[in-house]
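Q: If you scroll down you'll find the structure; I have some questions about it.
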Amino acid sequence: MGILILTLTLAVATMTSGFDRGIDVSHHNGDVTWEKVKSAGIKFAVAKASEGNHMEDSKFVVNFNGMKKNGIQAGAYHYLRGGQTAESQVAKIKAVLQKVSFDPDKDVLVIDVEEKGNEKVSADQMAETLNAVLSALKATYKNLYIYCGPYYWEDKVSWRKYDFSQYKLWIAHYTQGSPRIPSTWKNKGYTWWQYSETGNVDGVKGNVDLNRSK
């Protein structure tokens with residue numbers, strides 16, 4: 001039994017080593033104590049910055065500043081609204097990021113592509129808006145990611161229309177095995193994987209999304 005336990009312990013250690021742990025937060029997570037998050041071993045974190053052309057997350061500035069202050073790799077995400085113009089959303093993103101010390105060369109900027117709020121938006125329109133937003137951002141921001149779930153991306157976004165593979169993938173797939181990689185990134189794989197939405201990390205009250213690097 002002792003040998004079996006030791007073997008299992010070593011196997012788990014092998015599976016969970018070699019990658020960085022991360023979280024993502026928004027105002028829904030309340031007040032985050034970033035000193036404790038850092039002490040818990042979190043290496044990177046992403047805070048919601050904006051949504052569409054109408055919403056700035058009320059906790060973005062304090063969250064982003066907290067990450068930076070504590071030496072956590074900092075990122076910001078924008079929730080895409082496919083039915084709103086790309087121009088108005090890019091303007092919102094830039095206005096919000098100007099409120100913090102966002103490094104356009106190093107800090108991560110994510111465009112979050114999900115169904116909620118986009119149920120009536122066609123697959124073609126989602127692709128068109130996403131491409132237009134990314135095209136407008138990439139001249140300024142050098143570390144762009146796309147966040148998506150594999151099934152929504154494959155079925156509800158006309159991804160074949162553009163080369164979205166030029167952007168890094170943050171895949172959301174809650175599974176015990178390896179995540180399903182959308183066809184767009186089949187030859188590149190993911191950079192980050194959101195593998196749970198019910199995690200617990202010291203410094204965050206309640207459940208928090210858990211992520212890992214490749």
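Naming works like this for the structure tokens: A, B, ... for the chains as they're shown, residue 1 at the start of each chain, ligands 1 onward in shown order.
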Considering only C-alpha atoms, tabulate each residue of region 152-212 of chain A that lies at most 9 Å from region 125-140 of chain A along with its nearest interatomic pair and the corresponding distance in Å to one decimal; arrange the rows by chain and ascending residue number and present them as CSV.
A:
residue,atom,partner,partner_atom,distance
A:Lys156,CA,A:Met126,CA,7.9
A:Val157,CA,A:Ala127,CA,5.6
A:Ser158,CA,A:Ala127,CA,5.4
A:Trp159,CA,A:Ala127,CA,6.2
A:Arg160,CA,A:Ala127,CA,8.8
A:Lys161,CA,A:Ala127,CA,7.4
A:Tyr162,CA,A:Asn131,CA,7.2
A:Asp163,CA,A:Asn131,CA,8.8
A:Phe164,CA,A:Asn131,CA,7.7
A:Tyr167,CA,A:Leu134,CA,8.9
Q: Just the residues within 6 Å of Ala45 (chain A), please, counting only C-alpha atoms, with nothing from its chain fewer than 3 positions along; format it as a list in words.
A: Gly22, Ile23, Asp24 and Ala74 of chain A
Q: Near Ser58 (chain A), within 12 Å and counting only C-alpha atoms, which residues show up once chain neighbours fewer than 2 positions away are dropped, as a PyMOL selection string?
A: chain A and resi 25-31+47-51+55-56+60-64+96
Q: Could you turn the residues from that selection into a file that holds C-alpha atoms, as a PDB file, in the first residue's frame?
A:
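Result saved to selection04.pdb:
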ATOM      1  CA  VAL A  25     -11.589  37.591 -12.201  1.00  0.00           C
ATOM      2  CA  SER A  26     -14.229  40.252 -12.617  1.00  0.00           C
ATOM      3  CA  HIS A  27     -16.405  42.320 -10.310  1.00  0.00           C
ATOM      4  CA  HIS A  28     -18.355  39.133  -9.578  1.00  0.00           C
ATOM      5  CA  ASN A  29     -15.406  37.953  -7.482  1.00  0.00           C
ATOM      6  CA  GLY A  30     -15.638  40.938  -5.150  1.00  0.00           C
ATOM      7  CA  ASP A  31     -12.555  42.289  -3.429  1.00  0.00           C
ATOM      8  CA  ALA A  47      -9.143  40.789 -15.066  1.00  0.00           C
ATOM      9  CA  LYS A  48     -12.251  41.742 -16.979  1.00  0.00           C
ATOM     10  CA  ALA A  49     -11.776  45.221 -18.381  1.00  0.00           C
ATOM     11  CA  SER A  50     -14.790  45.843 -20.597  1.00  0.00           C
ATOM     12  CA  GLU A  51     -17.771  44.428 -22.452  1.00  0.00           C
ATOM     13  CA  MET A  55     -19.480  48.459 -19.947  1.00  0.00           C
ATOM     14  CA  GLU A  56     -16.312  48.919 -17.891  1.00  0.00           C
ATOM     15  CA  PHE A  60     -10.757  46.304 -13.282  1.00  0.00           C
ATOM     16  CA  VAL A  61      -8.465  49.112 -12.171  1.00  0.00           C
ATOM     17  CA  VAL A  62      -7.997  47.803  -8.636  1.00  0.00           C
ATOM     18  CA  ASN A  63      -7.568  44.219  -9.858  1.00  0.00           C
ATOM     19  CA  PHE A  64      -5.043  45.057 -12.554  1.00  0.00           C
ATOM     20  CA  VAL A  96     -10.303  51.475 -20.128  1.00  0.00           C
TER      21      VAL A  96
END
Q: Within region 9-213 of chain A, find each residue whose DSSP state, derived from the backbone, is helix (DSSP H, G or I), and express the selection as a ChimeraX atom specification.
A: /A:9-15,27-29,34-39,60-69,86-97,123-137,150-156,159-161,164-166,183-185
Q: So which residues touch region 183-195 of chain A within 9 Å, counting only C-alpha atoms, skipping near sequence neighbours fewer than 6 positions away, as number ranges by chain?
A: A: 22-24, 145, 150, 154, 159-160, 163-166, 168-176, 209-214
Q: So what do you get for CA of Asn143 (chain A) versus CA of His78 (chain A), distance-wise?
A: 13.7 Å
Q: Just the residues within 10 Å of Val201 (chain A), please, counting only C-alpha atoms, with nothing from its chain fewer than 5 positions along; format it as a count of residues only.
A: 14
Q: Could you state the separation of CA of Lys99 (chain A) and CA of Gln73 (chain A) in Å, given to one decimal place?
A: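 Computing the Euclidean distance for CA of Lys99 (chain A) and CA of Gln73 (chain A) yields 17.8 Å.
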Q: From a backbone DSSP assignment, name each residue in region 10-107 of chain A labelled strand (DSSP E or B), as a ChimeraX atom specification.
A: /A:21-25,42-51,55-56,73-79
Q: Quick one: residues within 7 Å of Asn70 (chain A), only C-alpha atoms counted, chain neighbours fewer than 2 positions away excluded, as JSON, numbers by chain?
A: {"A": [34, 35, 38, 66, 67, 68, 72]}
